[in-house]
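Source file: my_file-v5.tsv. Holds: TSV, C-alpha atoms and all ligand atoms.
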```
chain	number	residue	atom	x	y	z
A	1	MET	CA	43.94	-37.93	55.42
A	2	LYS	CA	45.65	-36.12	52.60
A	3	PRO	CA	43.14	-34.88	50.00
A	4	ALA	CA	43.35	-36.79	46.73
A	5	LEU	CA	44.04	-33.47	44.99
A	6	PHE	CA	47.37	-33.27	46.78
A	7	THR	CA	48.47	-36.87	46.30
A	8	SER	CA	51.29	-37.48	43.87
A	9	TYR	CA	50.69	-39.03	40.47
A	10	SER	CA	53.19	-41.19	38.64
A	11	ILE	CA	52.97	-41.55	34.91
A	12	LYS	CA	55.76	-43.14	32.89
A	13	ASN	CA	59.06	-41.74	34.17
A	14	ILE	CA	57.71	-38.80	36.18
A	15	THR	CA	55.87	-38.21	39.44
A	16	LEU	CA	53.75	-35.09	39.69
A	17	LYS	CA	53.60	-33.62	43.18
A	18	ASN	CA	49.81	-33.17	43.00
A	19	ARG	CA	46.88	-33.61	40.60
A	20	ILE	CA	46.55	-29.95	39.65
A	21	VAL	CA	47.34	-29.22	36.01
A	22	MET	CA	47.43	-25.79	34.44
A	23	SER	CA	45.37	-26.20	31.29
A	24	PRO	CA	46.96	-25.03	28.02
A	25	MET	CA	45.90	-21.46	27.31
A	26	CYS	CA	47.01	-19.31	24.38
A	27	MET	CA	48.54	-16.05	25.45
A	28	TYR	CA	48.99	-14.57	21.94
A	29	SER	CA	52.10	-12.92	23.28
A	30	CYS	CA	54.84	-13.67	20.75
A	31	PHE	CA	54.87	-9.99	19.94
A	32	ASN	CA	57.50	-10.30	17.20
A	33	GLN	CA	55.35	-12.90	15.44
A	34	ASP	CA	58.28	-15.32	15.50
A	35	GLY	CA	56.73	-17.88	17.85
A	36	GLU	CA	59.45	-17.30	20.44
A	37	ILE	CA	59.03	-17.23	24.20
A	38	THR	CA	58.83	-13.68	25.57
A	39	ASP	CA	59.24	-12.34	29.10
A	40	TRP	CA	55.47	-12.48	29.38
A	41	HIS	CA	55.52	-16.29	29.04
A	42	LEU	CA	58.32	-16.68	31.56
A	43	TYR	CA	56.57	-14.63	34.26
A	44	HIS	CA	53.18	-16.10	33.49
A	45	TYR	CA	54.20	-19.76	33.78
A	46	ILE	CA	56.76	-19.35	36.56
A	47	THR	CA	54.11	-17.62	38.71
A	48	ARG	CA	51.90	-20.71	38.43
A	49	ALA	CA	54.88	-22.88	39.43
A	50	MET	CA	55.34	-20.69	42.51
A	51	GLY	CA	51.61	-21.18	43.07
A	52	GLN	CA	52.25	-24.96	43.35
A	53	ALA	CA	50.50	-26.39	40.28
A	54	GLY	CA	51.86	-29.93	39.84
A	55	LEU	CA	52.00	-29.78	36.05
A	56	ILE	CA	51.99	-26.69	33.90
A	57	PHE	CA	51.06	-26.87	30.24
A	58	THR	CA	52.18	-24.22	27.84
A	59	GLU	CA	49.60	-22.91	25.49
A	60	ALA	CA	49.19	-24.51	22.06
A	61	ALA	CA	52.56	-24.35	20.31
A	62	ALA	CA	52.28	-24.37	16.52
A	63	VAL	CA	54.17	-27.09	14.66
A	64	THR	CA	54.24	-24.99	11.45
A	65	PRO	CA	53.83	-21.23	10.89
A	66	GLN	CA	50.75	-21.99	8.81
A	67	GLY	CA	49.29	-23.89	11.76
A	68	ARG	CA	49.06	-20.86	14.03
A	69	ILE	CA	45.70	-19.59	15.23
A	70	SER	CA	47.17	-16.07	15.12
A	71	HIS	CA	50.50	-14.50	14.23
A	72	GLU	CA	51.27	-14.09	17.96
A	73	ASP	CA	51.00	-17.82	18.77
A	74	LEU	CA	53.80	-19.70	20.44
A	75	GLY	CA	55.77	-21.81	17.97
A	76	ILE	CA	57.93	-24.92	17.92
A	77	TRP	CA	58.59	-25.24	14.19
A	78	ASP	CA	62.15	-23.93	14.19
A	79	ASP	CA	65.34	-24.48	16.17
A	80	SER	CA	65.54	-20.72	16.80
A	81	GLN	CA	62.61	-21.22	19.20
A	82	LEU	CA	64.57	-23.65	21.37
A	83	GLU	CA	66.50	-21.17	23.45
A	84	GLY	CA	63.37	-19.55	24.91
A	85	LEU	CA	61.70	-22.91	25.47
A	86	LYS	CA	64.77	-24.24	27.29
A	87	LYS	CA	64.79	-21.22	29.57
A	88	LEU	CA	61.10	-21.76	30.29
A	89	THR	CA	61.43	-25.45	31.21
A	90	ARG	CA	64.52	-24.82	33.36
A	91	THR	CA	62.90	-22.05	35.40
A	92	VAL	CA	59.52	-23.72	35.86
A	93	LYS	CA	61.29	-26.87	37.10
A	94	GLU	CA	63.45	-24.79	39.44
A	95	TYR	CA	60.23	-23.74	41.18
A	96	GLY	CA	59.16	-27.36	41.67
A	97	SER	CA	56.57	-28.01	38.95
A	98	HIS	CA	56.67	-30.30	35.97
A	99	ILE	CA	56.12	-28.73	32.59
A	100	GLY	CA	54.37	-29.96	29.46
A	101	ILE	CA	53.86	-28.52	26.01
A	102	GLN	CA	50.81	-28.75	23.80
A	103	LEU	CA	51.68	-29.41	20.15
A	104	ALA	CA	49.12	-27.96	17.79
A	105	HIS	CA	48.06	-27.13	14.26
A	106	ALA	CA	45.07	-24.83	13.79
A	107	GLY	CA	43.99	-26.28	10.42
A	108	ARG	CA	40.98	-24.43	9.04
A	109	LYS	CA	40.83	-22.18	12.11
A	110	ALA	CA	44.20	-20.56	11.35
A	111	THR	CA	43.95	-16.81	10.79
A	112	VAL	CA	47.46	-16.32	9.41
A	113	ASP	CA	48.29	-14.72	6.05
A	114	GLY	CA	48.43	-17.00	3.01
A	115	PRO	CA	46.63	-20.27	2.34
A	116	ILE	CA	45.41	-22.46	5.17
A	117	ILE	CA	44.89	-26.23	5.11
A	118	ALA	CA	42.38	-28.80	6.32
A	119	PRO	CA	41.25	-32.35	5.46
A	120	SER	CA	38.43	-30.92	3.30
A	121	PRO	CA	37.85	-27.47	1.80
A	122	ILE	CA	35.04	-26.45	4.14
A	123	PRO	CA	35.36	-23.09	5.95
A	124	PHE	CA	34.74	-22.81	9.71
A	125	ASN	CA	32.51	-19.75	9.25
A	126	ASP	CA	32.02	-16.76	6.97
A	127	ASP	CA	34.87	-14.81	8.60
A	128	ILE	CA	37.69	-17.28	7.98
A	129	LYS	CA	38.94	-18.22	4.53
A	130	THR	CA	38.26	-21.56	2.93
A	131	PRO	CA	41.09	-24.00	3.57
A	132	ASP	CA	42.87	-25.91	0.82
A	133	GLU	CA	42.21	-29.65	0.90
A	134	MET	CA	45.38	-31.36	2.08
A	135	SER	CA	47.16	-33.57	-0.42
A	136	GLU	CA	48.76	-36.85	0.71
A	137	SER	CA	52.08	-35.07	0.71
A	138	ASP	CA	50.67	-32.22	2.89
A	139	ILE	CA	49.50	-34.92	5.30
A	140	HIS	CA	52.94	-36.55	5.44
A	141	GLU	CA	54.66	-33.17	5.84
A	142	THR	CA	52.35	-32.21	8.70
A	143	ILE	CA	52.88	-35.52	10.48
A	144	LYS	CA	56.61	-34.91	10.12
A	145	ALA	CA	56.14	-31.40	11.53
A	146	PHE	CA	54.48	-32.88	14.65
A	147	LYS	CA	57.35	-35.34	15.02
A	148	ASN	CA	59.99	-32.63	14.58
A	149	ALA	CA	58.17	-30.44	17.09
A	150	ALA	CA	58.18	-33.36	19.54
A	151	LYS	CA	61.94	-33.74	18.99
A	152	ARG	CA	62.45	-30.07	19.83
A	153	ALA	CA	60.17	-30.34	22.86
A	154	ILE	CA	62.31	-33.21	24.16
A	155	GLU	CA	65.49	-31.23	23.55
A	156	ALA	CA	63.94	-28.22	25.30
A	157	GLY	CA	63.40	-30.35	28.44
A	158	PHE	CA	59.61	-30.76	28.58
A	159	ASP	CA	58.37	-33.52	30.91
A	160	VAL	CA	55.06	-34.17	29.13
A	161	LEU	CA	53.91	-33.83	25.53
A	162	GLU	CA	50.27	-33.23	24.67
A	163	ILE	CA	48.89	-33.54	21.15
A	164	HIS	CA	46.08	-31.06	20.54
A	165	ALA	CA	43.29	-33.05	18.90
A	166	ALA	CA	40.45	-30.88	20.24
A	167	HIS	CA	38.52	-27.64	19.66
A	168	GLY	CA	38.09	-28.02	15.93
A	169	TYR	CA	41.75	-27.61	15.04
A	170	LEU	CA	43.49	-29.71	12.40
A	171	ILE	CA	43.57	-33.14	14.09
A	172	ASN	CA	39.99	-32.71	15.30
A	173	GLU	CA	39.04	-31.82	11.71
A	174	PHE	CA	40.34	-35.21	10.59
A	175	LEU	CA	38.46	-37.02	13.38
A	176	SER	CA	35.08	-35.42	12.76
A	177	PRO	CA	32.71	-36.50	9.98
A	178	LEU	CA	31.50	-32.89	9.86
A	179	THR	CA	34.85	-31.57	8.61
A	180	ASN	CA	36.42	-34.63	7.00
A	181	HIS	CA	34.77	-35.53	3.68
A	182	ARG	CA	37.82	-37.27	2.23
A	183	THR	CA	37.47	-40.38	0.16
A	184	ASP	CA	41.05	-41.64	0.60
A	185	SER	CA	42.43	-43.68	3.51
A	186	TYR	CA	42.24	-40.60	5.82
A	187	GLY	CA	38.47	-40.19	5.49
A	188	GLY	CA	35.27	-42.20	5.66
A	189	SER	CA	35.14	-44.67	8.55
A	190	LEU	CA	36.10	-43.71	12.11
A	191	LYS	CA	39.25	-45.81	11.75
A	192	ASN	CA	40.20	-43.90	8.60
A	193	ARG	CA	39.45	-40.52	10.18
A	194	TYR	CA	41.66	-41.58	13.12
A	195	ARG	CA	44.59	-42.45	10.80
A	196	PHE	CA	46.12	-38.95	10.88
A	197	LEU	CA	46.17	-38.84	14.70
A	198	GLU	CA	47.17	-42.51	14.86
A	199	THR	CA	50.24	-41.86	12.72
A	200	ILE	CA	51.20	-38.78	14.75
A	201	ILE	CA	50.95	-40.73	18.03
A	202	LYS	CA	53.01	-43.62	16.59
A	203	GLU	CA	55.65	-41.32	15.10
A	204	VAL	CA	56.02	-39.37	18.36
A	205	ARG	CA	56.18	-42.64	20.30
A	206	LYS	CA	59.22	-43.70	18.25
A	207	ILE	CA	61.23	-40.87	19.79
A	208	TRP	CA	59.55	-40.27	23.18
A	209	ASN	CA	59.26	-42.66	26.13
A	210	GLY	CA	57.78	-40.11	28.51
A	211	PRO	CA	54.13	-39.20	29.19
A	212	LEU	CA	52.07	-38.54	26.08
A	213	PHE	CA	48.67	-36.89	26.51
A	214	VAL	CA	46.05	-36.19	23.85
A	215	ARG	CA	43.45	-33.45	24.24
A	216	ILE	CA	40.12	-34.29	22.61
A	217	SER	CA	36.75	-32.61	22.23
A	218	ALA	CA	34.68	-35.49	23.56
A	219	ASN	CA	31.36	-33.91	22.62
A	220	GLU	CA	30.80	-32.16	19.28
A	221	TYR	CA	27.30	-30.91	20.20
A	222	GLU	CA	26.09	-31.66	16.66
A	223	GLU	CA	23.55	-34.24	15.53
A	224	TYR	CA	25.85	-35.71	12.88
A	225	GLY	CA	29.11	-35.24	14.80
A	226	ASN	CA	31.14	-37.82	16.69
A	227	LYS	CA	29.39	-39.18	19.78
A	228	ILE	CA	30.71	-40.45	23.11
A	229	GLU	CA	30.75	-44.05	21.76
A	230	ASP	CA	33.09	-42.87	19.00
A	231	PHE	CA	35.39	-41.25	21.55
A	232	ILE	CA	35.46	-44.42	23.66
A	233	GLN	CA	36.58	-46.30	20.55
A	234	LEU	CA	39.10	-43.57	19.65
A	235	ALA	CA	40.49	-43.57	23.19
A	236	SER	CA	40.93	-47.38	23.08
A	237	TRP	CA	42.92	-47.02	19.88
A	238	MET	CA	44.96	-44.17	21.32
A	239	LYS	CA	45.77	-46.33	24.32
A	240	GLN	CA	46.93	-49.17	22.06
A	241	ASP	CA	49.02	-46.77	20.03
A	242	GLY	CA	50.82	-45.36	23.05
A	243	ALA	CA	48.87	-42.43	24.52
A	244	ASP	CA	48.97	-42.33	28.33
A	245	LEU	CA	46.08	-40.00	29.07
A	246	VAL	CA	43.24	-38.25	27.29
A	247	ASP	CA	42.42	-34.77	28.41
A	248	CYS	CA	38.68	-34.41	27.85
A	249	SER	CA	37.50	-31.04	26.63
A	250	SER	CA	34.62	-30.48	24.20
A	251	GLY	CA	33.26	-28.39	21.34
A	252	GLY	CA	34.89	-26.09	18.83
A	253	ILE	CA	34.42	-28.20	15.69
A	254	THR	CA	31.59	-25.89	14.59
A	255	PRO	CA	30.72	-22.39	15.80
A	256	LYS	CA	27.95	-23.84	18.02
A	257	ARG	CA	28.78	-23.20	21.67
A	258	PRO	CA	27.96	-25.68	24.43
A	259	HIS	CA	25.85	-24.85	27.43
A	260	ALA	CA	28.58	-24.64	30.05
A	261	PHE	CA	28.08	-25.15	33.79
A	262	PRO	CA	30.36	-26.31	36.62
A	263	GLY	CA	31.96	-29.61	35.71
A	264	PHE	CA	29.98	-29.94	32.46
A	265	GLN	CA	32.71	-31.92	30.70
A	266	VAL	CA	33.56	-34.24	33.61
A	267	PRO	CA	31.08	-37.01	32.60
A	268	ASN	CA	33.07	-37.49	29.37
A	269	ALA	CA	36.33	-37.94	31.26
A	270	GLU	CA	34.56	-40.38	33.58
A	271	THR	CA	32.96	-42.45	30.81
A	272	ILE	CA	36.13	-42.68	28.73
A	273	ARG	CA	38.20	-43.59	31.81
A	274	LYS	CA	35.79	-46.44	32.68
A	275	LYS	CA	34.99	-47.71	29.21
A	276	ALA	CA	38.36	-47.31	27.44
A	277	GLY	CA	40.49	-48.07	30.52
A	278	LEU	CA	42.69	-45.07	29.81
A	279	SER	CA	43.67	-42.39	32.31
A	280	THR	CA	41.83	-39.12	31.84
A	281	GLY	CA	42.07	-35.47	32.70
A	282	ALA	CA	38.94	-33.49	33.55
A	283	VAL	CA	38.64	-29.85	32.54
A	284	GLY	CA	36.05	-27.12	32.28
A	285	LEU	CA	34.60	-24.82	34.91
A	286	ILE	CA	36.35	-26.58	37.76
A	287	THR	CA	36.92	-23.77	40.21
A	288	SER	CA	36.98	-25.11	43.75
A	289	GLY	CA	39.08	-27.55	45.70
A	290	ILE	CA	35.95	-29.40	46.83
A	291	GLN	CA	34.79	-29.84	43.22
A	292	ALA	CA	38.23	-31.13	42.19
A	293	GLU	CA	38.35	-33.48	45.18
A	294	GLU	CA	34.94	-34.96	44.30
A	295	ILE	CA	36.16	-35.74	40.76
A	296	LEU	CA	39.27	-37.52	42.01
A	297	GLN	CA	37.74	-39.33	45.00
A	298	ASN	CA	34.94	-40.68	42.80
A	299	GLU	CA	37.58	-41.81	40.28
A	300	ARG	CA	36.04	-39.78	37.49
A	301	ALA	CA	39.47	-38.61	36.31
A	302	ASP	CA	43.13	-38.91	37.26
A	303	LEU	CA	44.11	-35.26	36.88
A	304	VAL	CA	42.22	-32.01	37.14
A	305	PHE	CA	43.00	-29.31	34.59
A	306	ILE	CA	42.35	-25.75	35.69
A	307	GLY	CA	42.09	-22.97	33.11
A	308	ARG	CA	40.62	-19.57	33.80
A	309	ASP	CA	40.62	-19.83	37.58
A	310	LEU	CA	44.40	-20.22	37.41
A	311	LEU	CA	44.53	-17.08	35.27
A	312	ARG	CA	42.53	-15.25	37.92
A	313	ASN	CA	44.57	-16.68	40.77
A	314	PRO	CA	48.06	-18.15	40.26
A	315	TYR	CA	47.84	-19.43	43.86
A	316	TRP	CA	44.75	-21.51	43.12
A	317	PRO	CA	46.35	-24.65	44.64
A	318	LEU	CA	46.78	-22.83	47.98
A	319	LYS	CA	43.16	-21.66	47.84
A	320	ALA	CA	42.01	-25.22	47.07
A	321	ALA	CA	44.12	-26.61	49.93
A	322	LYS	CA	42.53	-24.20	52.37
A	323	GLU	CA	39.04	-25.31	51.29
A	324	LEU	CA	40.10	-28.91	51.92
A	325	ASN	CA	41.67	-28.10	55.32
A	326	TYR	CA	45.04	-29.12	54.03
A	327	SER	CA	48.21	-27.26	54.80
A	328	LEU	CA	50.07	-26.87	51.52
A	329	GLU	CA	53.60	-25.56	51.50
A	330	GLY	CA	53.97	-22.52	49.31
A	331	PRO	CA	57.27	-21.13	48.13
A	332	LYS	CA	59.54	-21.10	51.17
A	333	GLN	CA	60.08	-17.37	50.71
A	334	TYR	CA	56.41	-16.86	51.70
A	335	ASP	CA	56.42	-19.12	54.77
A	336	ARG	CA	56.52	-16.30	57.27
A	337	GLY	CA	53.47	-14.70	55.78
A	338	TRP	CA	51.39	-17.85	55.75
A	339	LYS	CA	52.40	-19.67	58.93
B	401	LIG	C1	42.00	-21.69	26.31
B	401	LIG	N1	41.87	-23.06	26.06
B	401	LIG	C2	42.81	-23.71	25.30
B	401	LIG	N2	42.77	-25.07	25.17
B	401	LIG	C3	43.75	-25.72	24.53
B	401	LIG	O1	43.68	-26.94	24.43
B	401	LIG	N3	44.81	-25.05	24.01
B	401	LIG	C4	44.94	-23.70	24.09
B	401	LIG	O2	45.93	-23.13	23.66
B	401	LIG	C5	43.88	-23.00	24.72
B	401	LIG	N4	43.88	-21.63	24.80
B	401	LIG	C6	43.03	-20.98	25.66
B	401	LIG	C7	43.20	-19.62	25.93
B	401	LIG	C8	42.40	-18.98	26.87
B	401	LIG	C9	42.64	-17.54	27.20
B	401	LIG	C10	41.37	-19.70	27.53
B	401	LIG	C11	40.49	-19.06	28.57
B	401	LIG	C12	41.17	-21.03	27.22
B	401	LIG	C13	40.87	-23.86	26.81
B	401	LIG	C14	41.36	-24.14	28.23
B	401	LIG	O3	42.52	-24.94	28.24
B	401	LIG	C15	40.28	-24.85	29.06
B	401	LIG	O4	40.00	-26.09	28.49
B	401	LIG	C16	39.00	-24.03	29.15
B	401	LIG	O5	39.28	-22.69	29.50
B	401	LIG	C17	38.02	-24.62	30.15
B	401	LIG	O6	38.59	-24.69	31.44
B	401	LIG	P1	38.26	-23.56	32.58
B	401	LIG	O7	38.82	-22.26	32.08
B	401	LIG	O8	36.78	-23.50	32.71
B	401	LIG	O9	38.97	-24.05	33.80
```
Give the structure from the file, written as structure tokens.
Ligand code: FNR
Amino acid sequence: MKPALFTSYSIKNITLKNRIVMSPMCMYSCFNQDGEITDWHLYHYITRAMGQAGLIFTEAAAVTPQGRISHEDLGIWDDSQLEGLKKLTRTVKEYGSHIGIQLAHAGRKATVDGPIIAPSPIPFNDDIKTPDEMSESDIHETIKAFKNAAKRAIEAGFDVLEIHAAHGYLINEFLSPLTNHRTDSYGGSLKNRYRFLETIIKEVRKIWNGPLFVRISANEYEEYGNKIEDFIQLASWMKQDGADLVDCSSGGITPKRPHAFPGFQVPNAETIRKKAGLSTGAVGLITSGIQAEEILQNERADLVFIGRDLLRNPYWPLKAAKELNYSLEGPKQYDRGWK
């Protein structure tokens, strides 16, 4: 029987050829600091398409220059960035993978020049400047920036959009009681703290019928942070509002680092999938085909996101297939070598 890892997966208007997703990973390689795709990005992502990943996510793409983690981040705030993005989607698709983009704003974790913004003026640590508290108009402008970025992503030919609501970046800062001390309609209760993400999801949904993923940090590892029950509630709202899948990462809201071990974040993907009835992606120290197969066969997640092991080995899907005694076709140019 075909391993679950290599079964196709249909979501909205697309069918992925397998369940292997390249997790978004910043390359800090826009060397001209203009947010544009460079040759590095083309080679880097196309190699993973040749390696047979079903869905490839770009790294976090900033929706405003101020929302970059660093000056070398990928950007999607200006039409000048479209040409490179179009080339990227066209070539990755030519090699048989689907391609998604992660739309992001770094919030208080931005290290760019000039002021930075967040829901409340609380710095991440002593090394990063204190953010300005966002005004209502900053909030509306930023929501618009996410929507405009989504418009560009559609024009550039991306198959999947992912909203980055994890790792302590701007949207996560709204969600968490640790970083959101607002007293207006964007702060206070969980529903209020969700309002920023809710509006972004709804605005993007007005212009996009395709798959919409949201990446969350489903464990904040802090006594007074959001807990799994909060994320189950958030995921139920996201589902109602039009998200198709939550990609369950964790941490990053404070400098505290989680104790990481193989599959350490999978239980969150499993719980949210069961309790919120929303499709999930599992990520985090998933390095073998057998481990990925266990997650899928036990219905703990719908997709498996691979990060660092796909950096180490662009042919990770072929390695995983071998472990599962499955004969996976590689690029036809390599057939002679492998058959
Ligand atoms: C990341 N990660 C990450 N996550 C995200 O949502 N957006 C991003 O842009 C990045 N950038 C990034 C860069 C680099 C170099 C690494 C190693 C990681 C996190 C990544 O997607 C993934 O969730 C983690 O790496 C855990 O998965 P692995 O690496 O254990 O498979």
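You can rank A:Trp208, A:Phe305, A:Phe231, A:Tyr224 by their closest distance to Pro177 (chain A) using all atoms listed in the file, and at the top of that list sits A:Tyr224.
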>> Taking 6 positions as the minimum chain separation for residues in the same chain, which residues sit within 12 Å of Ser189 (chain A) when counting all atoms listed in the file? Answer as a list in words.
In response: Phe174, Leu175, Ser176, Pro177, Asn180, His181, Arg182, Thr183, Arg195, Asn226, Asp230 and Leu234 of chain A
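Those protein and nucleic acid residues that have any atom within 8 Å of ligand LIG 401 (chain B) are, using only C-alpha atoms and all ligand atoms, Met22, Ser23, Pro24, Met25, Cys26, Met27, Thr58, Glu59, Ala60, Ala61, Gln102, His164, Ala166, His167, Arg215, Ser249, Val283, Gly284, Leu285, Ile286, Thr287, Phe305, Ile306, Gly307, Arg308, Asp309 and Leu310 of chain A.
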Only C-alpha atoms, please: the residues just picked out, written as an mmCIF file, in the frame of the given file.
```cif
data_model
loop_
_atom_site.group_PDB
_atom_site.id
_atom_site.type_symbol
_atom_site.label_atom_id
_atom_site.label_comp_id
_atom_site.auth_asym_id
_atom_site.auth_seq_id
_atom_site.Cartn_x
_atom_site.Cartn_y
_atom_site.Cartn_z
ATOM 1 C CA MET A 22 47.430 -25.790 34.440
ATOM 2 C CA SER A 23 45.370 -26.200 31.290
ATOM 3 C CA PRO A 24 46.960 -25.030 28.020
ATOM 4 C CA MET A 25 45.900 -21.460 27.310
ATOM 5 C CA CYS A 26 47.010 -19.310 24.380
ATOM 6 C CA MET A 27 48.540 -16.050 25.450
ATOM 7 C CA THR A 58 52.180 -24.220 27.840
ATOM 8 C CA GLU A 59 49.600 -22.910 25.490
ATOM 9 C CA ALA A 60 49.190 -24.510 22.060
ATOM 10 C CA ALA A 61 52.560 -24.350 20.310
ATOM 11 C CA GLN A 102 50.810 -28.750 23.800
ATOM 12 C CA HIS A 164 46.080 -31.060 20.540
ATOM 13 C CA ALA A 166 40.450 -30.880 20.240
ATOM 14 C CA HIS A 167 38.520 -27.640 19.660
ATOM 15 C CA ARG A 215 43.450 -33.450 24.240
ATOM 16 C CA SER A 249 37.500 -31.040 26.630
ATOM 17 C CA VAL A 283 38.640 -29.850 32.540
ATOM 18 C CA GLY A 284 36.050 -27.120 32.280
ATOM 19 C CA LEU A 285 34.600 -24.820 34.910
ATOM 20 C CA ILE A 286 36.350 -26.580 37.760
ATOM 21 C CA THR A 287 36.920 -23.770 40.210
ATOM 22 C CA PHE A 305 43.000 -29.310 34.590
ATOM 23 C CA ILE A 306 42.350 -25.750 35.690
ATOM 24 C CA GLY A 307 42.090 -22.970 33.110
ATOM 25 C CA ARG A 308 40.620 -19.570 33.800
ATOM 26 C CA ASP A 309 40.620 -19.830 37.580
ATOM 27 C CA LEU A 310 44.400 -20.220 37.410
#
```
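Shortest atom-to-atom contact with Ile253 (chain A) among A:Glu270, A:Glu203, A:Asp184, A:Glu222: A:Glu222, counting all atoms listed in the file.
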>> Report, in Å to a single decimal, how far apart CA of Ala320 (chain A) and CA of Phe6 (chain A) are.
In response: 9.7 Å
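Distance-wise, CA of Asp244 (chain A) and CA of Asn268 (chain A) end up 16.7 Å apart.
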>> Residues near Val266 (chain A), anyone? I mean within 12 Å using all atoms listed in the file, not counting same-chain ones fewer than 2 positions away, as a PyMOL selection string.
In response: chain A and resi 217-219+247-250+260-264+268-273+280-286+291-292+294-296+298-305
Mind filling out region 89-103 of chain A with N, CA and C atoms and sending it as a tab-separated table (two decimals), in the coordinates of the input?
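Produced file selection.tsv, reproduced below:
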```
chain	number	residue	atom	x	y	z
A	89	THR	N	61.50	-24.16	30.49
A	89	THR	CA	61.43	-25.45	31.21
A	89	THR	C	62.37	-25.42	32.43
A	90	ARG	N	63.55	-24.84	32.25
A	90	ARG	CA	64.52	-24.82	33.36
A	90	ARG	C	63.95	-24.04	34.54
A	91	THR	N	63.37	-22.87	34.28
A	91	THR	CA	62.90	-22.05	35.40
A	91	THR	C	61.64	-22.64	36.04
A	92	VAL	N	60.72	-23.14	35.25
A	92	VAL	CA	59.52	-23.72	35.86
A	92	VAL	C	59.91	-24.91	36.75
A	93	LYS	N	60.85	-25.72	36.29
A	93	LYS	CA	61.29	-26.87	37.10
A	93	LYS	C	62.00	-26.40	38.38
A	94	GLU	N	62.76	-25.33	38.26
A	94	GLU	CA	63.45	-24.79	39.44
A	94	GLU	C	62.47	-24.47	40.56
A	95	TYR	N	61.25	-24.08	40.17
A	95	TYR	CA	60.23	-23.74	41.18
A	95	TYR	C	59.37	-24.94	41.54
A	96	GLY	N	59.77	-26.14	41.14
A	96	GLY	CA	59.16	-27.36	41.67
A	96	GLY	C	57.99	-27.94	40.91
A	97	SER	N	57.67	-27.42	39.73
A	97	SER	CA	56.57	-28.01	38.95
A	97	SER	C	57.14	-28.79	37.77
A	98	HIS	N	56.34	-29.69	37.26
A	98	HIS	CA	56.67	-30.30	35.97
A	98	HIS	C	56.06	-29.43	34.87
A	99	ILE	N	56.62	-29.57	33.68
A	99	ILE	CA	56.12	-28.73	32.59
A	99	ILE	C	55.87	-29.55	31.32
A	100	GLY	N	54.72	-29.29	30.71
A	100	GLY	CA	54.37	-29.96	29.46
A	100	GLY	C	54.14	-28.94	28.37
A	101	ILE	N	54.14	-29.42	27.13
A	101	ILE	CA	53.86	-28.52	26.01
A	101	ILE	C	52.76	-29.13	25.17
A	102	GLN	N	51.88	-28.27	24.68
A	102	GLN	CA	50.81	-28.75	23.80
A	102	GLN	C	51.21	-28.47	22.35
A	103	LEU	N	51.27	-29.53	21.55
A	103	LEU	CA	51.68	-29.41	20.15
A	103	LEU	C	50.42	-29.30	19.29
```
